[in-house]
There are 2 protein chains.
Amino acid sequence: MSTPGLISVDWGTTNLRTYLADLNGGILAQVESPSGILAVENGAFADVLRAAIGDWIAAHGRLPVVMSGMIGSRQGWVEAPYVRCPASIRDIADALTVFDVDGIGAVHLVPGLDHLPPGEPPDVMRGEETQILGIMATAPSSDATLVHPGTHSKWATVAGNAIVGFKTYMTGEVYGALKNHTILGRLMKTGRAEGHGFLHGVEAARQDGTAGDLLHQLFSVRTLGLFELLAPDELPEYLSGLLIGSEIKAAAEAGQSITIFGNDALTERYGKAADALGLTWNRGPEHSVVAGQLLLARAAGLLGNTP
Amino acid sequence: MSTPGLISVDWGTTNLRTYLADLNGGILAQVESPSGILAVENGAFADVLRAAIGDWIAAHGRLPVVMSGMIGSRQGWVEAPYVRCPASIRDIADALTVFDVDGIGAVHLVPGLDHLPPGEPPDVMRGEETQILGIMATAPSSDATLVHPGTHSKWATVAGNAIVGFKTYMTGEVYGALKNHTILGRLMKTGRAEGHGFLHGVEAARQDGTAGDLLHQLFSVRTLGLFELLAPDELPEYLSGLLIGSEIKAAAEAGQSITIFGNDALTERYGKAADALGLTWNRGPEHSVVAGQLLLARAAGLLGNTP
């Protein structure tokens with residue numbers, strides 16, 4: 001068994017994931033629990049963390065601990081201020097927020113990123129930057145467009161050793177709100193993931209002559225049901241295709257090459273839409289937080305001179 | 001007092017409005033109640049209608065009765081099949097669904113319209129067609145783009161004596177779902193209708209370089225709040241401006257002339273956005289159902305030869 005070199009903590013809104021890793025990113029042990037920051041009462045973050053990683057420290061002694069995710073937000077444990085894009089690995093490693101925790105020692109909190117393109121509103125991410133660094137650590141070429149689909153999809157541009165900028169799309173959350181809280185859900189049945197509904201929706205987004213007609217196109221989720229042109233169990237898929245298609249069409253150009261990373265099912269779904277819209281895509285790793293934290297820990301000199 | 005010539009029934013999802021009108025469209029009496037079709041139990045539509053207009057019939061004898069709105073939908077009393085666009089006044093008058101009601105006599109139900117532009121999904125309206133006919137009956141020129149803002153905004157093209165086609169935008173309903181059921185509502189306070197929030201949102205929609213970036217732009221409702229660039233009570237207004245601006249930008253061209261009709265406050269709001277987007281607009285009548293029903297009743301020969 002290789003030697004433990006890092007305790008990696010991925011602490012989000014709804015889950016806490018901790019990893020005991022070696023210096024090559026190999027996972028020696030892992031614990032996952034629903035103790036996301038919203039589930040921690042009375043600010044007892046230290047207790048929750050000790051419960052999760054205390055055994056590893058007892059067995060192996062103190063190790064560098066790096067944390068990323070919403071734990072560094074205003075609603076989390078300690079607020080780690082945003083680093084502004086373009087943000088290099090160096091910039092981010094220099095901005096780790098360090099504090100001591102009884103029984104654990106120094107804990108290193110990864111900052112989120114903000115991006116303020118001239119003349120546009122600000123954008124923010126917290127957690128995805130670490131996954132992106134993890135991909136940068138292992139990718140053959142460092143220039144890429146990295147896409148993390150989800151509740152709030154992130155499209156990041158990476159060049160050299162820096163995250164140059166990014167854009168957030170509220171696709172996943174808008175999908176849920178429309179499906180569950182508008183008339184569009186009324187004719188829907190769920191249960192079938194196959195069928196033509198999804199690609200039909202992507203195609204509708206592609207054909208959108210007057211680009212930007214989404215508020216109109218959404219109504220077709222209802223009328224295609226009313227006119228029985230799509231079956232009730234195709235309608236949620238059609239809405240999904242329409243929204244994801246609209247996101248990709250706005251964010252990318254035909255022929256562009258993107259890397260999609262994260263949840264397997266979502267990656268598959270985005271890949272299908274990317275194919276239909278004429279993009280080239282490849283699949284990034286589902287889990288890259290440990291690799292990203294290891295990169296930062298090394299840059300911050302936390303790992304000594306060990307390889 | 002002029003002579004009653006028509007009983008006009010505007011029966012929607014949440015309200016029932018009945019009017020006793022003369023043949024010039026003058027309103028002699030009116031009754032409004034929350035007895036929309038969703039509030040009518042066990043299909044007791046005849047009882048509800050008798051309760052609303054029975055006194056008028058007792059006082060003036062039987063009169064032509066015309067009904068429009070969701071009462072003619074599948075969820076209503078009797079389904080009045082859609083008439084397809086382009087739909088002339090003649091087409092719509094010929095498609096009235098007529099049935100007898102005890103104590104009332106013949107009731108004439110106005111059909112909704114559907115529109116099937118080649119290669120696009122179907123669109124439907126039910127109720128607005130009658131308001132549009134009412135505006136056509138009084139407008140100096142019959143060629144126009146008529147806009148009815150609301151939960152489901154309608155943009156109708158009228159030429160000669162026909163409604164040529166229309167498009168639905170889910171703007172109002174999407175606004176409610178995003179405000180009440182996504183993270184965007186979290187930083188919001190309500191209570192201030194003035195301020196720059198609304199026009200700031202319209203401007204963001206106007207500047208949308210990559211047209212169709214709405215799913216991204218929505219996230220700015222959150223970040224402008226996070227960065228304290230907009231006050232919490234400006235955020236709902238900003239979201240409203242962003243959505244209405246996006247609708248108008250997609251539906252119209254700069255310089256185009258439109259007539260906005262319906263609810264005064266919404267007309268005002270859409271007018272402000274239209275100004276900011278370089279459109280010319282004028283205000284249509286807030287109430288035009290009676291005029292529309294009168295036009296159809298005359299075309300259907302229900303009013304005899306009286307002027």
# chains A, B, ... in the order shown; residues from 1 in each chain; ligands from 1
call {"tool": "select_by_dssp", "arguments": {"residues": "stretch 127-244 of chain B", "states": "alpha helix (DSSP H)", "output": "PDB file with N, CA and C atoms, in the first residue's frame"}}
result
ATOM      1  N   GLU B 128     -57.941  35.490 -26.144  1.00  0.00           N
ATOM      2  CA  GLU B 128     -57.304  36.695 -26.709  1.00  0.00           C
ATOM      3  C   GLU B 128     -57.828  36.997 -28.104  1.00  0.00           C
ATOM      4  N   GLU B 129     -58.220  35.939 -28.874  1.00  0.00           N
ATOM      5  CA  GLU B 129     -58.712  36.190 -30.243  1.00  0.00           C
ATOM      6  C   GLU B 129     -59.901  37.154 -30.223  1.00  0.00           C
ATOM      7  N   THR B 130     -60.738  37.030 -29.182  1.00  0.00           N
ATOM      8  CA  THR B 130     -61.928  37.888 -29.110  1.00  0.00           C
ATOM      9  C   THR B 130     -61.538  39.333 -28.789  1.00  0.00           C
ATOM     10  N   GLN B 131     -60.538  39.485 -27.895  1.00  0.00           N
ATOM     11  CA  GLN B 131     -60.044  40.833 -27.601  1.00  0.00           C
ATOM     12  C   GLN B 131     -59.433  41.461 -28.858  1.00  0.00           C
ATOM     13  N   ILE B 132     -58.692  40.639 -29.607  1.00  0.00           N
ATOM     14  CA  ILE B 132     -58.060  41.137 -30.835  1.00  0.00           C
ATOM     15  C   ILE B 132     -59.122  41.581 -31.843  1.00  0.00           C
ATOM     16  N   LEU B 133     -60.177  40.780 -31.975  1.00  0.00           N
ATOM     17  CA  LEU B 133     -61.263  41.171 -32.886  1.00  0.00           C
ATOM     18  C   LEU B 133     -61.889  42.482 -32.428  1.00  0.00           C
ATOM     19  N   GLY B 134     -61.985  42.659 -31.119  1.00  0.00           N
ATOM     20  CA  GLY B 134     -62.540  43.904 -30.588  1.00  0.00           C
ATOM     21  C   GLY B 134     -61.688  45.108 -30.963  1.00  0.00           C
ATOM     22  N   ILE B 135     -60.377  44.916 -30.966  1.00  0.00           N
ATOM     23  CA  ILE B 135     -59.485  46.009 -31.363  1.00  0.00           C
ATOM     24  C   ILE B 135     -59.585  46.250 -32.866  1.00  0.00           C
ATOM     25  N   MET B 136     -59.677  45.153 -33.642  1.00  0.00           N
ATOM     26  CA  MET B 136     -59.831  45.288 -35.097  1.00  0.00           C
ATOM     27  C   MET B 136     -61.107  46.052 -35.437  1.00  0.00           C
ATOM     28  N   ALA B 137     -62.149  45.863 -34.604  1.00  0.00           N
ATOM     29  CA  ALA B 137     -63.441  46.501 -34.874  1.00  0.00           C
ATOM     30  C   ALA B 137     -63.366  48.012 -34.726  1.00  0.00           C
ATOM     31  N   THR B 138     -62.397  48.488 -33.934  1.00  0.00           N
ATOM     32  CA  THR B 138     -62.364  49.921 -33.646  1.00  0.00           C
ATOM     33  C   THR B 138     -61.120  50.613 -34.186  1.00  0.00           C
ATOM     34  N   THR B 171     -43.460  34.396 -20.769  1.00  0.00           N
ATOM     35  CA  THR B 171     -42.714  35.335 -19.941  1.00  0.00           C
ATOM     36  C   THR B 171     -43.234  35.473 -18.506  1.00  0.00           C
ATOM     37  N   GLY B 172     -44.520  35.715 -18.360  1.00  0.00           N
ATOM     38  CA  GLY B 172     -45.067  35.936 -17.021  1.00  0.00           C
ATOM     39  C   GLY B 172     -44.949  34.704 -16.149  1.00  0.00           C
ATOM     40  N   GLU B 173     -45.248  33.555 -16.715  1.00  0.00           N
ATOM     41  CA  GLU B 173     -45.186  32.330 -15.916  1.00  0.00           C
ATOM     42  C   GLU B 173     -43.740  31.956 -15.583  1.00  0.00           C
ATOM     43  N   VAL B 174     -42.832  32.159 -16.528  1.00  0.00           N
ATOM     44  CA  VAL B 174     -41.414  31.882 -16.269  1.00  0.00           C
ATOM     45  C   VAL B 174     -40.895  32.816 -15.162  1.00  0.00           C
ATOM     46  N   TYR B 175     -41.311  34.070 -15.207  1.00  0.00           N
ATOM     47  CA  TYR B 175     -40.916  35.024 -14.158  1.00  0.00           C
ATOM     48  C   TYR B 175     -41.311  34.492 -12.771  1.00  0.00           C
ATOM     49  N   GLY B 176     -42.556  34.065 -12.645  1.00  0.00           N
ATOM     50  CA  GLY B 176     -43.028  33.566 -11.353  1.00  0.00           C
ATOM     51  C   GLY B 176     -42.270  32.327 -10.891  1.00  0.00           C
ATOM     52  N   ALA B 177     -42.033  31.407 -11.820  1.00  0.00           N
ATOM     53  CA  ALA B 177     -41.334  30.163 -11.457  1.00  0.00           C
ATOM     54  C   ALA B 177     -39.897  30.451 -11.026  1.00  0.00           C
ATOM     55  N   LEU B 178     -39.225  31.374 -11.726  1.00  0.00           N
ATOM     56  CA  LEU B 178     -37.830  31.678 -11.380  1.00  0.00           C
ATOM     57  C   LEU B 178     -37.747  32.433 -10.056  1.00  0.00           C
ATOM     58  N   LYS B 179     -38.670  33.349  -9.840  1.00  0.00           N
ATOM     59  CA  LYS B 179     -38.646  34.177  -8.628  1.00  0.00           C
ATOM     60  C   LYS B 179     -38.985  33.337  -7.393  1.00  0.00           C
ATOM     61  N   ASN B 180     -39.950  32.446  -7.546  1.00  0.00           N
ATOM     62  CA  ASN B 180     -40.434  31.717  -6.374  1.00  0.00           C
ATOM     63  C   ASN B 180     -39.805  30.344  -6.186  1.00  0.00           C
ATOM     64  N   HIS B 181     -39.171  29.807  -7.211  1.00  0.00           N
ATOM     65  CA  HIS B 181     -38.719  28.422  -7.114  1.00  0.00           C
ATOM     66  C   HIS B 181     -37.285  28.199  -7.583  1.00  0.00           C
ATOM     67  N   GLY B 197     -33.800  49.116 -11.705  1.00  0.00           N
ATOM     68  CA  GLY B 197     -33.703  47.680 -11.917  1.00  0.00           C
ATOM     69  C   GLY B 197     -34.319  47.220 -13.218  1.00  0.00           C
ATOM     70  N   PHE B 198     -35.539  47.668 -13.483  1.00  0.00           N
ATOM     71  CA  PHE B 198     -36.252  47.190 -14.667  1.00  0.00           C
ATOM     72  C   PHE B 198     -35.508  47.542 -15.957  1.00  0.00           C
ATOM     73  N   LEU B 199     -35.160  48.827 -16.102  1.00  0.00           N
ATOM     74  CA  LEU B 199     -34.486  49.242 -17.340  1.00  0.00           C
ATOM     75  C   LEU B 199     -33.080  48.648 -17.460  1.00  0.00           C
ATOM     76  N   HIS B 200     -32.456  48.418 -16.317  1.00  0.00           N
ATOM     77  CA  HIS B 200     -31.163  47.736 -16.293  1.00  0.00           C
ATOM     78  C   HIS B 200     -31.314  46.321 -16.900  1.00  0.00           C
ATOM     79  N   GLY B 201     -32.383  45.652 -16.542  1.00  0.00           N
ATOM     80  CA  GLY B 201     -32.659  44.319 -17.084  1.00  0.00           C
ATOM     81  C   GLY B 201     -32.944  44.354 -18.572  1.00  0.00           C
ATOM     82  N   VAL B 202     -33.744  45.328 -19.002  1.00  0.00           N
ATOM     83  CA  VAL B 202     -34.042  45.463 -20.436  1.00  0.00           C
ATOM     84  C   VAL B 202     -32.747  45.705 -21.210  1.00  0.00           C
ATOM     85  N   GLU B 203     -31.902  46.566 -20.644  1.00  0.00           N
ATOM     86  CA  GLU B 203     -30.626  46.893 -21.289  1.00  0.00           C
ATOM     87  C   GLU B 203     -29.739  45.644 -21.404  1.00  0.00           C
ATOM     88  N   ALA B 204     -29.734  44.825 -20.362  1.00  0.00           N
ATOM     89  CA  ALA B 204     -28.959  43.582 -20.411  1.00  0.00           C
ATOM     90  C   ALA B 204     -29.465  42.691 -21.549  1.00  0.00           C
ATOM     91  N   ALA B 205     -30.784  42.616 -21.702  1.00  0.00           N
ATOM     92  CA  ALA B 205     -31.351  41.823 -22.802  1.00  0.00           C
ATOM     93  C   ALA B 205     -30.942  42.422 -24.144  1.00  0.00           C
ATOM     94  N   ARG B 206     -30.953  43.763 -24.237  1.00  0.00           N
ATOM     95  CA  ARG B 206     -30.608  44.435 -25.496  1.00  0.00           C
ATOM     96  C   ARG B 206     -29.154  44.165 -25.878  1.00  0.00           C
ATOM     97  N   GLN B 207     -28.275  44.192 -24.883  1.00  0.00           N
ATOM     98  CA  GLN B 207     -26.840  44.055 -25.149  1.00  0.00           C
ATOM     99  C   GLN B 207     -26.422  42.620 -25.410  1.00  0.00           C
ATOM    100  N   LEU B 214     -29.990  33.643 -22.701  1.00  0.00           N
ATOM    101  CA  LEU B 214     -30.846  33.900 -21.544  1.00  0.00           C
ATOM    102  C   LEU B 214     -30.501  33.035 -20.337  1.00  0.00           C
ATOM    103  N   LEU B 215     -30.208  31.734 -20.579  1.00  0.00           N
ATOM    104  CA  LEU B 215     -29.921  30.841 -19.449  1.00  0.00           C
ATOM    105  C   LEU B 215     -28.675  31.288 -18.690  1.00  0.00           C
ATOM    106  N   HIS B 216     -27.757  31.950 -19.399  1.00  0.00           N
ATOM    107  CA  HIS B 216     -26.597  32.538 -18.730  1.00  0.00           C
ATOM    108  C   HIS B 216     -26.964  33.867 -18.074  1.00  0.00           C
ATOM    109  N   GLN B 217     -27.659  34.706 -18.794  1.00  0.00           N
ATOM    110  CA  GLN B 217     -27.978  36.034 -18.254  1.00  0.00           C
ATOM    111  C   GLN B 217     -28.785  35.954 -16.958  1.00  0.00           C
ATOM    112  N   PHE B 219     -28.341  34.167 -14.500  1.00  0.00           N
ATOM    113  CA  PHE B 219     -27.472  34.027 -13.328  1.00  0.00           C
ATOM    114  C   PHE B 219     -27.017  35.399 -12.817  1.00  0.00           C
ATOM    115  N   SER B 220     -27.063  36.414 -13.686  1.00  0.00           N
ATOM    116  CA  SER B 220     -26.656  37.755 -13.249  1.00  0.00           C
ATOM    117  C   SER B 220     -27.632  38.314 -12.218  1.00  0.00           C
ATOM    118  N   VAL B 221     -28.870  37.796 -12.182  1.00  0.00           N
ATOM    119  CA  VAL B 221     -29.801  38.235 -11.139  1.00  0.00           C
ATOM    120  C   VAL B 221     -29.196  37.895  -9.774  1.00  0.00           C
ATOM    121  N   ARG B 222     -28.498  36.776  -9.715  1.00  0.00           N
ATOM    122  CA  ARG B 222     -27.840  36.400  -8.466  1.00  0.00           C
ATOM    123  C   ARG B 222     -26.541  37.198  -8.233  1.00  0.00           C
ATOM    124  N   THR B 223     -25.683  37.250  -9.251  1.00  0.00           N
ATOM    125  CA  THR B 223     -24.368  37.860  -9.022  1.00  0.00           C
ATOM    126  C   THR B 223     -24.463  39.374  -8.800  1.00  0.00           C
ATOM    127  N   LEU B 224     -25.394  40.044  -9.476  1.00  0.00           N
ATOM    128  CA  LEU B 224     -25.535  41.492  -9.242  1.00  0.00           C
ATOM    129  C   LEU B 224     -25.975  41.750  -7.806  1.00  0.00           C
ATOM    130  N   GLY B 225     -26.731  40.805  -7.236  1.00  0.00           N
ATOM    131  CA  GLY B 225     -27.083  40.902  -5.825  1.00  0.00           C
ATOM    132  C   GLY B 225     -25.894  40.580  -4.928  1.00  0.00           C
ATOM    133  N   LEU B 226     -25.189  39.496  -5.227  1.00  0.00           N
ATOM    134  CA  LEU B 226     -24.021  39.080  -4.431  1.00  0.00           C
ATOM    135  C   LEU B 226     -22.969  40.187  -4.369  1.00  0.00           C
ATOM    136  N   LEU B 235     -33.834  43.671  -7.559  1.00  0.00           N
ATOM    137  CA  LEU B 235     -33.597  42.402  -8.268  1.00  0.00           C
ATOM    138  C   LEU B 235     -34.837  41.836  -8.951  1.00  0.00           C
ATOM    139  N   PRO B 236     -36.019  41.866  -8.303  1.00  0.00           N
ATOM    140  CA  PRO B 236     -37.196  41.355  -9.032  1.00  0.00           C
ATOM    141  C   PRO B 236     -37.487  42.186 -10.281  1.00  0.00           C
ATOM    142  N   GLU B 237     -37.246  43.499 -10.184  1.00  0.00           N
ATOM    143  CA  GLU B 237     -37.459  44.387 -11.330  1.00  0.00           C
ATOM    144  C   GLU B 237     -36.456  44.091 -12.446  1.00  0.00           C
ATOM    145  N   TYR B 238     -35.228  43.816 -12.052  1.00  0.00           N
ATOM    146  CA  TYR B 238     -34.191  43.479 -13.037  1.00  0.00           C
ATOM    147  C   TYR B 238     -34.574  42.187 -13.777  1.00  0.00           C
ATOM    148  N   LEU B 239     -35.001  41.189 -13.035  1.00  0.00           N
ATOM    149  CA  LEU B 239     -35.425  39.929 -13.661  1.00  0.00           C
ATOM    150  C   LEU B 239     -36.585  40.176 -14.625  1.00  0.00           C
ATOM    151  N   SER B 240     -37.544  40.988 -14.192  1.00  0.00           N
ATOM    152  CA  SER B 240     -38.681  41.318 -15.053  1.00  0.00           C
ATOM    153  C   SER B 240     -38.203  41.996 -16.335  1.00  0.00           C
ATOM    154  N   GLY B 241     -37.299  42.960 -16.206  1.00  0.00           N
ATOM    155  CA  GLY B 241     -36.780  43.660 -17.378  1.00  0.00           C
ATOM    156  C   GLY B 241     -36.010  42.739 -18.310  1.00  0.00           C
ATOM    157  N   LEU B 242     -35.243  41.841 -17.723  1.00  0.00           N
ATOM    158  CA  LEU B 242     -34.457  40.891 -18.521  1.00  0.00           C
ATOM    159  C   LEU B 242     -35.383  39.996 -19.353  1.00  0.00           C
ATOM    160  N   LEU B 243     -36.444  39.491 -18.725  1.00  0.00           N
ATOM    161  CA  LEU B 243     -37.353  38.577 -19.426  1.00  0.00           C
ATOM    162  C   LEU B 243     -38.204  39.318 -20.453  1.00  0.00           C
ATOM    163  N   ILE B 244     -38.780  40.437 -20.059  1.00  0.00           N
ATOM    164  CA  ILE B 244     -39.627  41.189 -21.002  1.00  0.00           C
ATOM    165  C   ILE B 244     -38.772  41.719 -22.145  1.00  0.00           C
TER     166      ILE B 244
END
call {"tool": "residues_around", "arguments": {"residues": "A:Asp10", "least_positions_apart": "2", "cutoff": "6 Å", "atoms": "only C-alpha atoms", "output": "list in words"}}
result
Arg17, Met67, Ser68 and Gly69 of chain A
call {"tool": "residues_around", "arguments": {"residues": "stretch 5-8 of chain A", "least_positions_apart": "3", "cutoff": "8 Å", "atoms": "only C-alpha atoms", "output": "ChimeraX atom specification"}}
result
/A:18-23,53,63-67,290,293-294,303
call {"tool": "write_last_selection", "arguments": {"atoms": "C-alpha atoms", "output": "PDB file, in the first residue's frame"}}
result
ATOM      1  CA  THR A  18     -13.413  13.015   2.234  1.00  0.00           C
ATOM      2  CA  TYR A  19     -10.504  11.127   0.698  1.00  0.00           C
ATOM      3  CA  LEU A  20      -7.243   9.758   2.036  1.00  0.00           C
ATOM      4  CA  ALA A  21      -4.902  10.058  -0.959  1.00  0.00           C
ATOM      5  CA  ASP A  22      -1.319   9.245  -1.823  1.00  0.00           C
ATOM      6  CA  LEU A  23       0.893  11.769  -3.578  1.00  0.00           C
ATOM      7  CA  ILE A  53     -11.226  12.120   9.105  1.00  0.00           C
ATOM      8  CA  LEU A  63      -1.376  15.176   7.074  1.00  0.00           C
ATOM      9  CA  PRO A  64      -2.009  18.245   4.901  1.00  0.00           C
ATOM     10  CA  VAL A  65      -5.757  18.854   4.731  1.00  0.00           C
ATOM     11  CA  VAL A  66      -7.227  20.706   1.737  1.00  0.00           C
ATOM     12  CA  MET A  67     -10.927  21.602   1.425  1.00  0.00           C
ATOM     13  CA  VAL A 290      -8.395  15.107  -5.417  1.00  0.00           C
ATOM     14  CA  GLN A 293      -6.287  19.743  -4.488  1.00  0.00           C
ATOM     15  CA  LEU A 294      -3.039  17.813  -4.856  1.00  0.00           C
ATOM     16  CA  LEU A 303       3.862  18.325   0.282  1.00  0.00           C
TER      17      LEU A 303
END
call {"tool": "closest_residue", "arguments": {"among": "B:Gln256, B:Ser73, B:Asn24, B:Ser35", "to": "chain A", "atoms": "only C-alpha atoms"}}
result
B:Ser73
call {"tool": "residues_around", "arguments": {"residues": "stretch 107-123 of chain A", "least_positions_apart": "4", "cutoff": "7 Å", "atoms": "only C-alpha atoms", "output": "count of residues only"}}
result
28
call {"tool": "atom_distance", "arguments": {"atom1": "atom CA of A:Pro149", "atom2": "atom CA of A:Asn263"}}
result
8.0 Å
call {"tool": "select_by_dssp", "arguments": {"residues": "stretch 50-277 of chain A", "states": "strand (DSSP E or B)", "output": "short mmCIF file (atom, residue, chain, number, x, y, z; two decimals) with C-alpha atoms, in the first residue's frame"}}
result
data_model
loop_
_atom_site.label_atom_id
_atom_site.label_comp_id
_atom_site.auth_asym_id
_atom_site.auth_seq_id
_atom_site.Cartn_x
_atom_site.Cartn_y
_atom_site.Cartn_z
CA VAL A 65 -5.76 18.85 4.73
CA VAL A 66 -7.23 20.71 1.74
CA MET A 67 -10.93 21.60 1.43
CA SER A 68 -12.92 22.98 -1.49
CA VAL A 83 -9.79 34.99 -6.81
CA ARG A 84 -10.34 36.95 -10.01
CA ALA A 87 -6.49 32.93 -12.34
CA SER A 88 -3.33 30.83 -12.60
CA THR A 97 -7.21 30.39 3.39
CA VAL A 98 -5.42 28.58 6.22
CA PHE A 99 -6.74 28.03 9.74
CA ASP A 100 -6.12 25.58 12.59
CA VAL A 101 -8.60 23.01 13.79
CA GLY A 105 -4.04 20.89 12.49
CA ALA A 106 -3.82 23.35 9.60
CA VAL A 107 -6.67 23.22 7.12
CA HIS A 108 -6.26 24.82 3.66
CA LEU A 109 -9.39 26.20 2.07
CA LEU A 113 -13.25 32.30 -8.59
CA ASP A 114 -15.00 35.34 -9.91
CA HIS A 115 -14.95 36.63 -13.47
CA ASP A 123 -19.91 35.51 -12.66
CA VAL A 124 -18.84 33.20 -9.83
CA MET A 125 -17.89 29.57 -9.19
CA ALA A 144 -9.41 23.79 -23.60
CA THR A 145 -13.05 24.60 -23.08
CA LEU A 146 -14.23 22.62 -20.07
CA VAL A 147 -17.94 22.11 -19.48
CA HIS A 148 -19.40 20.99 -16.18
CA SER A 153 -23.57 24.54 -15.69
CA LYS A 154 -20.11 26.05 -15.98
CA TRP A 155 -18.25 26.71 -19.24
CA ALA A 156 -14.61 27.49 -18.47
CA THR A 157 -11.82 28.55 -20.81
CA VAL A 158 -8.40 27.25 -19.81
CA ALA A 159 -5.12 28.38 -21.38
CA ALA A 162 -4.69 29.56 -15.94
CA ILE A 163 -8.46 29.53 -15.85
CA VAL A 164 -9.02 32.49 -18.17
CA GLY A 165 -12.74 32.97 -17.67
CA PHE A 166 -16.08 31.17 -17.40
CA LYS A 167 -19.82 31.46 -17.82
CA THR A 168 -22.63 30.00 -15.74
CA TYR A 169 -25.85 28.66 -17.30
CA SER A 257 -14.09 21.12 -29.30
CA ILE A 258 -15.15 20.80 -25.67
CA THR A 259 -14.41 18.56 -22.71
CA ILE A 260 -17.47 17.59 -20.67
#
call {"tool": "residues_around", "arguments": {"residues": "A:Gly43", "least_positions_apart": "5", "cutoff": "10 Å", "atoms": "only C-alpha atoms", "output": "ChimeraX atom specification"}}
result
/A:37-38,48,75-77
call {"tool": "atom_distance", "arguments": {"atom1": "atom CA of B:Thr3", "atom2": "atom CA of B:Phe45"}}
result
27.3 Å
call {"tool": "residues_around", "arguments": {"residues": "B:Glu253", "least_positions_apart": "2", "cutoff": "12 Å", "atoms": "only C-alpha atoms", "output": "ChimeraX atom specification"}}
result
/A:210 /B:145,206,247-251,255-258,274,277-280
call {"tool": "atom_distance", "arguments": {"atom1": "atom CA of A:Thr190", "atom2": "atom CA of B:Met70"}}
result
27.2 Å
call {"tool": "closest_residue", "arguments": {"among": "B:Ala52, B:Leu218, B:Ala291, B:Leu230", "to": "B:Met188", "atoms": "only C-alpha atoms"}}
result
B:Leu230
